[in-house]
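The file model05.cif contains mmCIF, C-alpha atoms and all ligand atoms:
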data_coords
loop_
_atom_site.label_atom_id
_atom_site.label_comp_id
_atom_site.auth_asym_id
_atom_site.auth_seq_id
_atom_site.Cartn_x
_atom_site.Cartn_y
_atom_site.Cartn_z
CA MET A 13 -91.56 -162.66 -36.77
CA LYS A 14 -91.17 -161.29 -40.26
CA ASP A 15 -89.19 -163.54 -42.60
CA ARG A 16 -86.54 -161.35 -44.11
CA GLY A 17 -85.28 -163.81 -46.71
CA ALA A 18 -83.37 -167.07 -46.91
CA SER A 19 -79.95 -165.52 -46.67
CA ARG A 20 -80.67 -163.96 -43.28
CA GLY A 21 -78.19 -165.39 -40.76
CA ALA A 22 -76.94 -165.15 -37.22
CA VAL A 23 -73.52 -165.30 -35.63
CA TRP A 24 -73.37 -165.68 -31.84
CA LEU A 25 -70.80 -164.60 -29.31
CA ILE A 26 -70.85 -166.94 -26.30
CA GLY A 27 -68.93 -166.28 -23.09
CA ASP A 28 -69.22 -164.90 -19.60
CA PRO A 29 -69.10 -161.92 -19.45
CA VAL A 30 -70.08 -160.76 -22.97
CA SER A 31 -72.12 -157.62 -22.38
CA HIS A 32 -69.21 -155.19 -22.83
CA SER A 33 -67.69 -156.84 -25.91
CA LEU A 34 -67.05 -154.65 -28.94
CA SER A 35 -67.35 -157.67 -31.28
CA PRO A 36 -71.00 -156.90 -32.16
CA LEU A 37 -70.01 -153.35 -33.16
CA LEU A 38 -67.25 -154.58 -35.48
CA HIS A 39 -69.04 -157.52 -37.04
CA ASN A 40 -72.42 -155.86 -37.54
CA ALA A 41 -70.67 -152.94 -39.29
CA ALA A 42 -68.65 -155.36 -41.43
CA PHE A 43 -71.71 -157.48 -42.40
CA LYS A 44 -73.57 -154.33 -43.38
CA LYS A 45 -70.64 -152.99 -45.38
CA VAL A 46 -70.39 -156.14 -47.53
CA GLY A 47 -74.19 -156.42 -47.85
CA LEU A 48 -74.78 -159.56 -45.75
CA PRO A 49 -78.12 -159.56 -43.87
CA TRP A 50 -76.58 -161.20 -40.82
CA ASP A 51 -76.86 -160.30 -37.14
CA TYR A 52 -74.08 -160.76 -34.58
CA VAL A 53 -75.59 -161.41 -31.15
CA PRO A 54 -73.82 -161.72 -27.77
CA LEU A 55 -75.13 -164.40 -25.38
CA ARG A 56 -73.95 -165.00 -21.81
CA LEU A 57 -73.59 -168.72 -21.10
CA LEU A 58 -72.62 -170.41 -17.86
CA LYS A 59 -70.24 -173.35 -17.67
CA GLY A 60 -72.17 -176.51 -18.51
CA GLN A 61 -74.45 -174.71 -20.98
CA VAL A 62 -71.87 -174.69 -23.80
CA GLY A 63 -72.43 -178.28 -24.97
CA PRO A 64 -76.25 -178.13 -25.06
CA PHE A 65 -76.13 -174.74 -26.79
CA LEU A 66 -73.73 -175.95 -29.47
CA ARG A 67 -75.87 -179.07 -30.04
CA ILE A 68 -79.03 -177.08 -30.81
CA LEU A 69 -77.16 -174.59 -33.01
CA ARG A 70 -76.18 -177.15 -35.62
CA HIS A 71 -79.52 -176.63 -37.31
CA GLY A 72 -81.08 -173.33 -38.21
CA ARG A 73 -79.64 -170.12 -39.47
CA THR A 74 -76.49 -169.91 -37.44
CA MET A 75 -73.54 -169.26 -39.70
CA GLY A 76 -70.92 -169.03 -37.01
CA ILE A 77 -70.03 -168.52 -33.38
CA ASN A 78 -67.32 -166.68 -31.50
CA VAL A 79 -66.31 -168.15 -28.18
CA THR A 80 -64.74 -166.07 -25.45
CA VAL A 81 -63.68 -166.36 -21.79
CA PRO A 82 -64.01 -168.89 -20.19
CA HIS A 83 -65.42 -171.33 -22.78
CA LYS A 84 -62.64 -171.70 -25.39
CA GLU A 85 -61.37 -175.03 -24.11
CA ALA A 86 -64.90 -176.42 -23.60
CA ALA A 87 -65.79 -175.41 -27.17
CA ALA A 88 -62.78 -177.36 -28.44
CA ARG A 89 -64.33 -180.50 -26.98
CA TRP A 90 -67.71 -179.99 -28.63
CA VAL A 91 -66.89 -179.21 -32.26
CA ASP A 92 -66.93 -181.89 -34.98
CA ARG A 93 -63.60 -180.99 -36.55
CA LYS A 94 -60.76 -178.57 -35.82
CA SER A 95 -58.24 -176.51 -37.77
CA PRO A 96 -54.60 -177.51 -37.11
CA LEU A 97 -54.09 -174.60 -34.68
CA ALA A 98 -57.37 -175.32 -32.83
CA GLN A 99 -56.38 -178.98 -32.65
CA SER A 100 -52.88 -178.41 -31.32
CA SER A 101 -53.77 -175.56 -28.95
CA GLY A 102 -56.96 -177.20 -27.63
CA ALA A 103 -58.74 -173.82 -27.71
CA VAL A 104 -61.53 -172.75 -30.08
CA ASN A 105 -62.65 -169.12 -30.31
CA CYS A 106 -64.33 -169.28 -33.72
CA ILE A 107 -66.77 -171.85 -35.11
CA ARG A 108 -68.19 -172.16 -38.61
CA VAL A 109 -71.48 -174.01 -38.94
CA ARG A 110 -71.70 -175.88 -42.21
CA GLY A 111 -74.22 -178.58 -43.14
CA GLY A 112 -75.09 -179.13 -39.48
CA ARG A 113 -71.46 -179.65 -38.54
CA LEU A 114 -69.32 -177.44 -36.31
CA GLU A 115 -65.82 -176.53 -37.53
CA GLY A 116 -63.56 -175.09 -34.81
CA TYR A 117 -60.80 -172.54 -35.41
CA ASN A 118 -58.42 -170.50 -33.30
CA THR A 119 -58.21 -166.97 -34.63
CA ASP A 120 -56.66 -165.61 -31.39
CA GLY A 121 -53.36 -167.12 -32.43
CA THR A 122 -53.46 -166.08 -36.08
CA GLY A 123 -54.90 -162.68 -35.09
CA PHE A 124 -52.09 -162.11 -32.61
CA ILE A 125 -49.44 -162.90 -35.24
CA GLU A 126 -51.11 -160.58 -37.76
CA ALA A 127 -51.31 -157.84 -35.09
CA LEU A 128 -47.59 -158.23 -34.32
CA GLU A 129 -46.70 -157.99 -37.99
CA ARG A 130 -49.09 -155.25 -39.10
CA GLU A 131 -49.25 -153.02 -36.04
CA ALA A 132 -45.79 -153.50 -34.46
CA ASP A 133 -43.69 -154.67 -37.43
CA TYR A 134 -42.47 -157.50 -35.20
CA SER A 135 -41.42 -161.09 -35.88
CA ALA A 136 -41.19 -163.75 -33.16
CA ARG A 137 -38.38 -165.60 -34.91
CA GLY A 138 -35.39 -166.13 -32.59
CA LYS A 139 -37.04 -164.24 -29.71
CA ARG A 140 -37.19 -165.12 -26.00
CA ILE A 141 -40.91 -165.12 -25.22
CA ALA A 142 -42.74 -165.06 -21.88
CA ILE A 143 -46.48 -165.72 -21.71
CA LEU A 144 -48.46 -164.70 -18.63
CA GLY A 145 -51.38 -167.12 -18.22
CA ALA A 146 -52.15 -170.58 -19.52
CA GLY A 147 -55.84 -170.39 -20.45
CA GLY A 148 -57.53 -170.47 -23.83
CA ALA A 149 -55.97 -167.23 -25.10
CA ALA A 150 -52.46 -168.30 -23.99
CA ARG A 151 -52.89 -171.61 -25.80
CA GLY A 152 -53.84 -170.10 -29.16
CA ILE A 153 -51.16 -167.43 -28.95
CA SER A 154 -48.31 -169.65 -27.79
CA PHE A 155 -48.95 -172.33 -30.43
CA ALA A 156 -49.12 -169.69 -33.16
CA LEU A 157 -45.88 -168.06 -31.89
CA ALA A 158 -44.11 -171.43 -31.70
CA GLU A 159 -44.52 -171.81 -35.49
CA PHE A 160 -42.05 -168.91 -35.88
CA ARG A 161 -39.12 -170.74 -34.26
CA PRO A 162 -38.62 -168.46 -31.23
CA ALA A 163 -35.48 -169.02 -29.10
CA SER A 164 -37.66 -170.00 -26.11
CA ILE A 165 -41.12 -169.79 -24.56
CA VAL A 166 -41.76 -169.59 -20.80
CA VAL A 167 -45.34 -169.91 -19.56
CA LEU A 168 -45.92 -168.19 -16.20
CA ASN A 169 -49.18 -169.15 -14.58
CA ARG A 170 -50.85 -168.72 -11.18
CA THR A 171 -51.75 -172.43 -11.16
CA PRO A 172 -48.36 -173.99 -11.97
CA ALA A 173 -49.78 -177.36 -13.09
CA ARG A 174 -51.81 -175.66 -15.83
CA GLY A 175 -48.73 -173.75 -17.03
CA ARG A 176 -46.68 -176.95 -17.06
CA LYS A 177 -49.42 -178.72 -19.01
CA LEU A 178 -49.35 -176.01 -21.69
CA ALA A 179 -45.54 -176.25 -21.84
CA ARG A 180 -45.77 -180.05 -22.21
CA ASP A 181 -48.35 -179.75 -24.99
CA LEU A 182 -46.13 -177.22 -26.80
CA LYS A 183 -43.14 -179.52 -26.47
CA ARG A 184 -45.10 -182.46 -27.85
CA ARG A 185 -45.98 -180.48 -30.98
CA PHE A 186 -42.66 -178.55 -31.34
CA ARG A 187 -39.95 -181.01 -30.33
CA ASN A 188 -37.03 -178.61 -30.76
CA LEU A 189 -38.65 -175.76 -28.84
CA ASP A 190 -37.01 -174.62 -25.58
CA VAL A 191 -40.15 -174.34 -23.40
CA ALA A 192 -40.98 -174.34 -19.68
CA GLY A 193 -44.01 -173.81 -17.46
CA VAL A 194 -43.26 -172.00 -14.18
CA PRO A 195 -45.31 -170.42 -11.36
CA MET A 196 -46.25 -166.76 -11.74
CA GLY A 197 -43.56 -164.68 -10.03
CA GLU A 198 -40.78 -167.08 -10.95
CA TRP A 199 -37.55 -165.65 -12.22
CA VAL A 200 -37.39 -164.93 -15.95
CA ARG A 201 -34.83 -162.74 -17.66
CA ASP A 202 -33.75 -161.22 -20.97
CA VAL A 203 -37.25 -161.49 -22.37
CA ASP A 204 -37.83 -160.01 -25.87
CA LEU A 205 -41.61 -160.42 -26.00
CA LEU A 206 -43.98 -160.52 -23.02
CA VAL A 207 -47.63 -161.39 -23.65
CA GLN A 208 -50.22 -160.79 -20.91
CA THR A 209 -53.08 -163.26 -21.52
CA THR A 210 -54.67 -163.59 -18.08
CA SER A 211 -58.15 -162.30 -17.38
CA VAL A 212 -56.79 -159.98 -14.66
CA GLY A 213 -57.80 -156.49 -15.80
CA LEU A 214 -60.98 -157.53 -17.63
CA ASP A 215 -62.84 -155.64 -14.92
CA GLY A 216 -61.00 -152.46 -15.99
CA ARG A 217 -59.47 -152.01 -12.51
CA SER A 218 -57.21 -154.87 -11.36
CA HIS A 219 -53.87 -155.58 -13.00
CA LEU A 220 -50.90 -157.87 -12.63
CA ARG A 221 -47.64 -156.49 -11.26
CA PHE A 222 -44.65 -157.57 -13.26
CA PRO A 223 -40.93 -156.89 -12.73
CA PHE A 224 -40.41 -155.18 -16.07
CA ASP A 225 -36.71 -154.69 -15.35
CA ARG A 226 -36.27 -158.36 -16.26
CA LEU A 227 -37.07 -157.62 -19.88
CA LYS A 228 -34.57 -156.48 -22.48
CA PRO A 229 -34.80 -152.70 -22.99
CA SER A 230 -35.82 -153.41 -26.58
CA ALA A 231 -38.65 -155.73 -25.50
CA LEU A 232 -42.22 -155.53 -26.74
CA VAL A 233 -45.01 -155.94 -24.17
CA ALA A 234 -48.43 -157.03 -25.44
CA ASP A 235 -51.70 -157.29 -23.54
CA VAL A 236 -54.71 -159.20 -24.85
CA ILE A 237 -57.10 -157.00 -22.86
CA TYR A 238 -58.32 -154.25 -25.16
CA ARG A 239 -60.22 -151.98 -22.81
CA PRO A 240 -58.99 -149.51 -21.81
CA ARG A 241 -56.84 -149.12 -24.90
CA ARG A 242 -53.77 -148.56 -22.72
CA THR A 243 -54.31 -150.98 -19.85
CA PRO A 244 -52.68 -150.33 -16.45
CA PHE A 245 -50.36 -153.26 -17.27
CA LEU A 246 -49.19 -151.55 -20.47
CA ARG A 247 -48.91 -148.19 -18.72
CA ASP A 248 -46.55 -149.82 -16.20
CA ALA A 249 -44.49 -151.23 -19.10
CA SER A 250 -44.32 -147.79 -20.75
CA ARG A 251 -43.02 -146.30 -17.53
CA TRP A 252 -40.04 -148.64 -17.94
CA GLY A 253 -39.55 -147.27 -21.45
CA LEU A 254 -40.77 -150.45 -23.11
CA ARG A 255 -42.66 -150.67 -26.41
CA THR A 256 -46.26 -151.81 -26.03
CA LEU A 257 -48.99 -153.30 -28.18
CA GLY A 258 -52.57 -153.03 -26.96
CA GLY A 259 -55.06 -155.89 -27.06
CA TRP A 260 -57.11 -153.92 -29.59
CA ALA A 261 -54.72 -155.10 -32.34
CA MET A 262 -55.20 -158.82 -31.68
CA PHE A 263 -58.90 -158.20 -31.15
CA LEU A 264 -59.15 -156.53 -34.56
CA TYR A 265 -57.28 -159.21 -36.49
CA GLN A 266 -58.97 -162.16 -34.77
CA ALA A 267 -62.29 -160.55 -35.73
CA ALA A 268 -61.11 -160.07 -39.32
CA GLU A 269 -60.01 -163.71 -39.52
CA SER A 270 -63.31 -164.93 -38.01
CA PHE A 271 -65.17 -162.89 -40.63
CA ARG A 272 -63.14 -164.55 -43.43
CA ILE A 273 -63.92 -167.99 -42.02
CA TRP A 274 -67.69 -167.44 -41.76
CA THR A 275 -68.24 -165.51 -44.99
CA GLY A 276 -65.42 -166.53 -47.33
CA MET A 277 -65.13 -162.80 -48.04
CA GLU A 278 -62.35 -160.31 -47.38
CA PRO A 279 -63.36 -158.23 -44.32
CA PRO A 280 -63.42 -154.41 -44.43
CA VAL A 281 -60.46 -154.21 -42.01
CA GLY A 282 -60.04 -150.42 -42.38
CA LEU A 283 -63.65 -149.83 -41.35
CA MET A 284 -63.41 -152.31 -38.45
CA ARG A 285 -60.17 -150.70 -37.26
CA ARG A 286 -61.68 -147.20 -37.34
CA LYS A 287 -64.85 -148.33 -35.50
CA LEU A 288 -62.80 -150.11 -32.85
CA LEU A 289 -60.35 -147.29 -32.17
CA ARG A 290 -63.14 -144.72 -32.12
CA ALA A 291 -65.11 -146.79 -29.58
CA LEU A 292 -62.00 -147.23 -27.44
CA THR A 293 -61.17 -143.54 -27.35
CA ALA A 294 -64.79 -142.42 -26.78
P1 LIG B 1 -58.96 -167.23 -21.58
O1 LIG B 1 -59.76 -168.12 -22.46
O2 LIG B 1 -59.22 -165.78 -21.83
O3 LIG B 1 -57.50 -167.53 -21.59
P2 LIG B 1 -59.27 -168.73 -19.15
O4 LIG B 1 -59.12 -169.99 -19.92
O5 LIG B 1 -60.35 -168.65 -18.11
O6 LIG B 1 -59.53 -167.50 -20.09
O7 LIG B 1 -57.83 -168.40 -18.50
C1 LIG B 1 -57.66 -167.33 -17.64
C2 LIG B 1 -56.17 -167.18 -17.30
O8 LIG B 1 -56.04 -166.06 -16.40
C3 LIG B 1 -55.56 -168.36 -16.57
O9 LIG B 1 -54.19 -168.47 -16.90
C4 LIG B 1 -55.73 -167.97 -15.11
O10 LIG B 1 -54.82 -168.57 -14.22
P3 LIG B 1 -55.19 -170.00 -13.54
O11 LIG B 1 -54.87 -171.05 -14.55
O12 LIG B 1 -54.31 -170.05 -12.34
O13 LIG B 1 -56.67 -169.94 -13.20
C5 LIG B 1 -55.40 -166.50 -15.19
N1 LIG B 1 -55.91 -165.75 -14.05
C6 LIG B 1 -57.21 -165.48 -13.77
N2 LIG B 1 -57.29 -164.75 -12.63
C7 LIG B 1 -56.02 -164.57 -12.18
C8 LIG B 1 -55.42 -163.89 -11.06
N3 LIG B 1 -56.18 -163.23 -10.17
N4 LIG B 1 -54.07 -163.89 -10.95
C9 LIG B 1 -53.30 -164.53 -11.86
N5 LIG B 1 -53.79 -165.18 -12.93
C10 LIG B 1 -55.13 -165.21 -13.10
#

Give the structure from the file, written as C-alpha cells.
Ligand code: ATR
Amino acid sequence: MKDRGASRGAVWLIGDPVSHSLSPLLHNAAFKKVGLPWDYVPLRLLKGQVGPFLRILRHGRTMGINVTVPHKEAAARWVDRKSPLAQSSGAVNCIRVRGGRLEGYNTDGTGFIEALEREADYSARGKRIAILGAGGAARGISFALAEFRPASIVVLNRTPARGRKLARDLKRRFRNLDVAGVPMGEWVRDVDLLVQTTSVGLDGRSHLRFPFDRLKPSALVADVIYRPRRTPFLRDASRWGLRTLGGWAMFLYQAAESFRIWTGMEPPVGLMRRKLLRALTA
C-alpha cells in the first residue's frame, strides 16, 4: 500500500449494525474540509470482539473510534480512562487514542444537550423528564440532562431491572434528583420532555406506541433515531400537536463533539449539518 505520509490517520466506527450509518459521510467531509488526511471507516463487530479490537488499536494510526449500538457499555469497560460523563453514565461512544492509551468520552449526552439548545431552544432546568429505554444512549443522555437540575426523571424500560439500575446510578451521582425506574407502559403524567432512546425503529419500520396524552400540551418529544428524519414515533407525537426534535440533531452535535475530541479543532458544523439534512431528505 502506498504510504501517504505520517499524518495519515484512521477513525473507526464500531457497532452492529453500522452499514447504514451517516457518520462516515459527515466525518469524511469534515476531515477533508479542515485538510486532515484521515479516513473514517465503519466496522461491524459482534459482542465479544470489542475488547480484542480495542487492544490491537492502541498502536498504529488510529486517532479515534466511535462506538454505537450495542457496544457503548462494553467500550466503557475497556478504555484506560474516562471523561466525567463517560465515568458516571458507564457508556462510551467516543474514544481518543493517545500515546497507546484509550480515552473514553460520551458525546451522546453533550450532543443531546447542544441539540436541545441550538435546534429547539430548550432547557431541561425544572422540567419533568421521561426517558424511554435504559441502554447506552439513555445513560449518556440522562446523566447529561441531570446536570441541569430537572424537576424529575423517570426511566421507562422493557426490562424493569435495567431501568431501575439506571435510576439508582443517577440517584447515586445526583442525590437531590427525583428519579425512578419503571416498566415500559407504566403510568407517567405531566411530562415536559420525552426522549425515545430505544433501538425500536432502527429498522425503519417498527416503532413504540406511547400514550402521548399523558404529556403536557407544551411538551417536547425527542427521538434519538435519525432515519427517517421524522420517525413514526415523532409523527405520532405530532398528531397529538406536540413539538418534536428529530434524532438528526443529537447525531449532528455528537459528531461535532467527537470531531473536537479527536482533532482539537473546531468542526465545520454548518457543512456537516447541510450534508446530514441533504442525505436525510434524499
Ligand atoms: P443503545 O446503546 O443505543 O442505548 P442498547 O444498549 O442495546 O443500545 O439499548 C437498547 C435499548 O432499547 C434498551 O433500553 C432496550 O430495552 P431492554 O433493556 O429491555 O433490552 C430497548 N429495546 C430494544 N428493543 C426493544 C423492544 N422491542 N421494545 C422495547 N424496548 C426495546

In Å, how far is it from atom CA of Tyr238 of chain A to atom CA of Met284 of chain A?
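Computing it gives 14.4 Å between the two atoms.
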
I want to know what sits within 12 Å of Gln266 of chain A, based on all atoms listed in the file, with residues of the same chain fewer than 6 positions away left out; could you give that as an MDAnalysis selection string?
chainID A and resid 35 38:39 78:80 104:106 117:127 149 152:153 236 259:260 272:273 279 281 284:285

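Nearest to Asn188 of chain A of all the residues A:Asp51, A:Glu159, A:Glu129, A:Asp235 is A:Glu159, counting only C-alpha atoms.
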
Neighbour list for segment 197-201 of chain A as a PyMOL selection string, cut-off 10 Å, only C-alpha atoms, skip fewer than 4 positions in-chain:
chain A and resi 140-142+144+166+168-170+193+221-228

Go ahead and save the residues from that selection, with C-alpha atoms, as a PDB file, in the frame of the given file.
ATOM      1  CA  ARG A 140     -37.190-165.120 -26.000  1.00  0.00           C
ATOM      2  CA  ILE A 141     -40.910-165.120 -25.220  1.00  0.00           C
ATOM      3  CA  ALA A 142     -42.740-165.060 -21.880  1.00  0.00           C
ATOM      4  CA  LEU A 144     -48.460-164.700 -18.630  1.00  0.00           C
ATOM      5  CA  VAL A 166     -41.760-169.590 -20.800  1.00  0.00           C
ATOM      6  CA  LEU A 168     -45.920-168.190 -16.200  1.00  0.00           C
ATOM      7  CA  ASN A 169     -49.180-169.150 -14.580  1.00  0.00           C
ATOM      8  CA  ARG A 170     -50.850-168.720 -11.180  1.00  0.00           C
ATOM      9  CA  GLY A 193     -44.010-173.810 -17.460  1.00  0.00           C
ATOM     10  CA  ARG A 221     -47.640-156.490 -11.260  1.00  0.00           C
ATOM     11  CA  PHE A 222     -44.650-157.570 -13.260  1.00  0.00           C
ATOM     12  CA  PRO A 223     -40.930-156.890 -12.730  1.00  0.00           C
ATOM     13  CA  PHE A 224     -40.410-155.180 -16.070  1.00  0.00           C
ATOM     14  CA  ASP A 225     -36.710-154.690 -15.350  1.00  0.00           C
ATOM     15  CA  ARG A 226     -36.270-158.360 -16.260  1.00  0.00           C
ATOM     16  CA  LEU A 227     -37.070-157.620 -19.880  1.00  0.00           C
ATOM     17  CA  LYS A 228     -34.570-156.480 -22.480  1.00  0.00           C
TER      18      LYS A 228
END

Closest to Arg73 of chain A among A:Ala22, A:Ala42, A:Ala267, A:Leu55, using only C-alpha atoms?
A:Ala22

Could you give me, as a PDB file with C-alpha atoms, in the coordinates of the input, every polymer residue with an atom at most 10 Å away from an atom of ligand LIG 1 (chain B), counting all atoms listed in the file?
ATOM      1  CA  GLY A  27     -68.930-166.280 -23.090  1.00  0.00           C
ATOM      2  CA  ASP A  28     -69.220-164.900 -19.600  1.00  0.00           C
ATOM      3  CA  VAL A  79     -66.310-168.150 -28.180  1.00  0.00           C
ATOM      4  CA  THR A  80     -64.740-166.070 -25.450  1.00  0.00           C
ATOM      5  CA  VAL A  81     -63.680-166.360 -21.790  1.00  0.00           C
ATOM      6  CA  PRO A  82     -64.010-168.890 -20.190  1.00  0.00           C
ATOM      7  CA  HIS A  83     -65.420-171.330 -22.780  1.00  0.00           C
ATOM      8  CA  LYS A  84     -62.640-171.700 -25.390  1.00  0.00           C
ATOM      9  CA  GLU A  85     -61.370-175.030 -24.110  1.00  0.00           C
ATOM     10  CA  ALA A  86     -64.900-176.420 -23.600  1.00  0.00           C
ATOM     11  CA  ALA A 103     -58.740-173.820 -27.710  1.00  0.00           C
ATOM     12  CA  VAL A 104     -61.530-172.750 -30.080  1.00  0.00           C
ATOM     13  CA  ASN A 105     -62.650-169.120 -30.310  1.00  0.00           C
ATOM     14  CA  ASP A 120     -56.660-165.610 -31.390  1.00  0.00           C
ATOM     15  CA  ILE A 143     -46.480-165.720 -21.710  1.00  0.00           C
ATOM     16  CA  LEU A 144     -48.460-164.700 -18.630  1.00  0.00           C
ATOM     17  CA  GLY A 145     -51.380-167.120 -18.220  1.00  0.00           C
ATOM     18  CA  ALA A 146     -52.150-170.580 -19.520  1.00  0.00           C
ATOM     19  CA  GLY A 147     -55.840-170.390 -20.450  1.00  0.00           C
ATOM     20  CA  GLY A 148     -57.530-170.470 -23.830  1.00  0.00           C
ATOM     21  CA  ALA A 149     -55.970-167.230 -25.100  1.00  0.00           C
ATOM     22  CA  ALA A 150     -52.460-168.300 -23.990  1.00  0.00           C
ATOM     23  CA  ARG A 151     -52.890-171.610 -25.800  1.00  0.00           C
ATOM     24  CA  GLY A 152     -53.840-170.100 -29.160  1.00  0.00           C
ATOM     25  CA  ILE A 153     -51.160-167.430 -28.950  1.00  0.00           C
ATOM     26  CA  VAL A 167     -45.340-169.910 -19.560  1.00  0.00           C
ATOM     27  CA  LEU A 168     -45.920-168.190 -16.200  1.00  0.00           C
ATOM     28  CA  ASN A 169     -49.180-169.150 -14.580  1.00  0.00           C
ATOM     29  CA  ARG A 170     -50.850-168.720 -11.180  1.00  0.00           C
ATOM     30  CA  THR A 171     -51.750-172.430 -11.160  1.00  0.00           C
ATOM     31  CA  PRO A 172     -48.360-173.990 -11.970  1.00  0.00           C
ATOM     32  CA  ALA A 173     -49.780-177.360 -13.090  1.00  0.00           C
ATOM     33  CA  ARG A 174     -51.810-175.660 -15.830  1.00  0.00           C
ATOM     34  CA  GLY A 175     -48.730-173.750 -17.030  1.00  0.00           C
ATOM     35  CA  PRO A 195     -45.310-170.420 -11.360  1.00  0.00           C
ATOM     36  CA  MET A 196     -46.250-166.760 -11.740  1.00  0.00           C
ATOM     37  CA  GLY A 197     -43.560-164.680 -10.030  1.00  0.00           C
ATOM     38  CA  GLN A 208     -50.220-160.790 -20.910  1.00  0.00           C
ATOM     39  CA  THR A 209     -53.080-163.260 -21.520  1.00  0.00           C
ATOM     40  CA  THR A 210     -54.670-163.590 -18.080  1.00  0.00           C
ATOM     41  CA  SER A 211     -58.150-162.300 -17.380  1.00  0.00           C
ATOM     42  CA  VAL A 212     -56.790-159.980 -14.660  1.00  0.00           C
ATOM     43  CA  GLY A 213     -57.800-156.490 -15.800  1.00  0.00           C
ATOM     44  CA  LEU A 214     -60.980-157.530 -17.630  1.00  0.00           C
ATOM     45  CA  SER A 218     -57.210-154.870 -11.360  1.00  0.00           C
ATOM     46  CA  HIS A 219     -53.870-155.580 -13.000  1.00  0.00           C
ATOM     47  CA  LEU A 220     -50.900-157.870 -12.630  1.00  0.00           C
ATOM     48  CA  ARG A 221     -47.640-156.490 -11.260  1.00  0.00           C
ATOM     49  CA  VAL A 236     -54.710-159.200 -24.850  1.00  0.00           C
ATOM     50  CA  ILE A 237     -57.100-157.000 -22.860  1.00  0.00           C
TER      51      ILE A 237
END

List the spatial neighbours of Gly112 of chain A as a PDB file with C-alpha atoms, in the coordinates of the input - criterion: any atom at most 8 Å away, only C-alpha atoms, same-chain residues fewer than 2 positions off excluded.
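Output below, filename around-v1.pdb:
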ATOM      1  CA  ARG A  70     -76.180-177.150 -35.620  1.00  0.00           C
ATOM      2  CA  HIS A  71     -79.520-176.630 -37.310  1.00  0.00           C
ATOM      3  CA  VAL A 109     -71.480-174.010 -38.940  1.00  0.00           C
ATOM      4  CA  ARG A 110     -71.700-175.880 -42.210  1.00  0.00           C
ATOM      5  CA  LEU A 114     -69.320-177.440 -36.310  1.00  0.00           C
TER       6      LEU A 114
END

Of the candidates A:Met75, A:Ile107, A:Leu58, A:Ala291, which one gets nearest to Glu269 of chain A if we count all atoms listed in the file?
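Looking at the shortest contact to Glu269 of chain A, the residue is A:Ile107.
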
Do you know which residues lie at most 10 Å from (-53.9, -150.5, -24.2), with coordinates as in the file and all atoms listed in the file counted, and could you write them as number ranges by chain?
A: 234-247, 256-261, 292

How would the residues just picked look written out with C-alpha atoms as a PDB file, in the coordinates of the input?
ATOM      1  CA  ALA A 234     -48.430-157.030 -25.440  1.00  0.00           C
ATOM      2  CA  ASP A 235     -51.700-157.290 -23.540  1.00  0.00           C
ATOM      3  CA  VAL A 236     -54.710-159.200 -24.850  1.00  0.00           C
ATOM      4  CA  ILE A 237     -57.100-157.000 -22.860  1.00  0.00           C
ATOM      5  CA  TYR A 238     -58.320-154.250 -25.160  1.00  0.00           C
ATOM      6  CA  ARG A 239     -60.220-151.980 -22.810  1.00  0.00           C
ATOM      7  CA  PRO A 240     -58.990-149.510 -21.810  1.00  0.00           C
ATOM      8  CA  ARG A 241     -56.840-149.120 -24.900  1.00  0.00           C
ATOM      9  CA  ARG A 242     -53.770-148.560 -22.720  1.00  0.00           C
ATOM     10  CA  THR A 243     -54.310-150.980 -19.850  1.00  0.00           C
ATOM     11  CA  PRO A 244     -52.680-150.330 -16.450  1.00  0.00           C
ATOM     12  CA  PHE A 245     -50.360-153.260 -17.270  1.00  0.00           C
ATOM     13  CA  LEU A 246     -49.190-151.550 -20.470  1.00  0.00           C
ATOM     14  CA  ARG A 247     -48.910-148.190 -18.720  1.00  0.00           C
ATOM     15  CA  THR A 256     -46.260-151.810 -26.030  1.00  0.00           C
ATOM     16  CA  LEU A 257     -48.990-153.300 -28.180  1.00  0.00           C
ATOM     17  CA  GLY A 258     -52.570-153.030 -26.960  1.00  0.00           C
ATOM     18  CA  GLY A 259     -55.060-155.890 -27.060  1.00  0.00           C
ATOM     19  CA  TRP A 260     -57.110-153.920 -29.590  1.00  0.00           C
ATOM     20  CA  ALA A 261     -54.720-155.100 -32.340  1.00  0.00           C
ATOM     21  CA  LEU A 292     -62.000-147.230 -27.440  1.00  0.00           C
TER      22      LEU A 292
END

Rank A:Leu128, A:Leu157, A:Ala87, A:Arg185 by their smallest atom-to-atom distance to Lys59 of chain A, using all atoms listed in the file, and report the top residue only.
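Of all the options, A:Ala87 lies closest to Lys59 of chain A.
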
Tell me, as a list in words, which residues lie within 12 Å of Ser19 of chain A, counting all atoms listed in the file; anything in the same chain fewer than 4 positions away does not count.
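Counting only the stated atoms, we get Asp15, Gly47, Leu48, Pro49, Trp50, Asp51, Gly72, Arg73, Thr74, Met75 and Thr275 of chain A.
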
One decimal, in Å: what's the spacing between atom CA of Ala268 of chain A and atom CA of Arg217 of chain A?
28.0 Å
